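Undergrad: Encoded as structure tokens, here's the structure I'll be asking about.
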Amino acid sequence: RIEGTFNNKTDYALNEIAIGPMFFSGTARYKIRFNDVEEEQRSSKLIISTGAGSTGWYSNLEYAQGSFSPSSRDVRFCVSEDFKHKNYKLKHGIIQPHQSIEVISLMDVNGKVSFDGDMQKRFYDFPLGSKLIAKISNKPLSVVGFG
């Protein structure tokens, strides 16, 4: 699971965290920090995905290099539809268990962060200056099986 902390709250995602504009026609503007690299980016959205979620949005992104194992302990991030004239260093990456990624909203209006694509209950405002820190959660997911 991914743990995302922002605006004094923490939420968890089994599949992905998506950061972007409320409306598909908008532009996601944010500052991203990872592995001592920081840069401002513009794209249609930023996806932070687990292996379980990598067969959805993530695997279809240009820089994602396809899906990865649902049992992987890695979390991966990837930008979607970035501005091609920019030479972004952080178009994609792998977040290891001891790492985190930080995203700061540069969106004046309509910035959103979504956990597991839930557009009803887990679709939060992500206004200018808001900071999200995402990492692999230390809280395991419990699964109940019926035999």
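Naming works like this for the structure tokens: A, B, ... for the chains as they're shown, residue 1 at the start of each chain, ligands 1 onward in shown order.
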List the spatial neighbours of A:Leu132 as a CSV table (one decimal) with C-alpha atoms, in the first residue's frame - criterion: any atom at most 6 Å away, only C-alpha atoms, same-chain residues fewer than 5 positions off excluded.

TA:
chain,number,residue,atom,x,y,z
A,5,THR,CA,0.2,12.4,4.0
A,6,PHE,CA,-1.1,15.9,3.1
A,102,GLU,CA,7.2,14.9,-2.1
A,103,VAL,CA,4.8,16.8,-4.4

Undergrad: For A:Ile2, please output as a ChimeraX atom specification all residues within 9 Å (counting only C-alpha atoms; exclusion window: fewer than 6 positions along the same chain).

TA: /A:11-17,48-50,75,134-138

Undergrad: A:Asp108: which residues within 12 Å, counting only C-alpha atoms, same-chain residues fewer than 3 positions away excluded, as a ChimeraX atom specification?

TA: /A:20-22,26-30,104-105,111-112,125-130

Undergrad: For A:Trp57, please output as a PyMOL selection string all residues within 12 Å (counting only C-alpha atoms; exclusion window: fewer than 5 positions along the same chain).

TA: chain A and resi 15-18+45-52+62-64+66-67+77-80+116-117

Undergrad: Rounded to one decimal, what separation in Å do you get between atom CA of A:Ser71 and atom CA of A:Ile133?

TA: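 One can read the atom CA of A:Ser71 to atom CA of A:Ile133 distance as 22.4 Å.
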
Undergrad: Take atom CA of A:Phe83 and atom CA of A:Glu40 and report the distance between them in Å, one decimal.

TA: 11.4 Å

Undergrad: For the structure I just gave you, how does DSSP split chain A - specifically, which residues are strand (DSSP E or B)? Reply as a ChimeraX atom specification.

TA: /A:2-6,9-13,16-21,28-34,37-43,45-49,75-80,92-95,100-105,111-115,123-125,131-136

Undergrad: Please list as number ranges by chain every residue within 12 Å of A:His85, counting only C-alpha atoms and excluding residues in the same chain fewer than 6 positions away.

TA: A: 41-43

Undergrad: So the first atom is atom CA of A:Met119 and the second is atom CA of A:Phe24; what is the distance between them in Å, to one decimal place?

TA: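 These two atoms are separated by 13.2 Å.
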
Undergrad: Taking only C-alpha atoms into account, which of A:Glu38, A:Ser44, A:Gln120, A:Tyr58 comes nearest A:Asp82?

TA: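 Smallest distance to A:Asp82 is found for A:Ser44.
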
Undergrad: Name the closest residue to A:Asn60 among the candidates A:Phe146, A:Ser114, A:Lys9, A:Glu81; distances are taken between atoms, counting only C-alpha atoms.

TA: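 With only C-alpha atoms as the atom set, the closest residue is A:Glu81.
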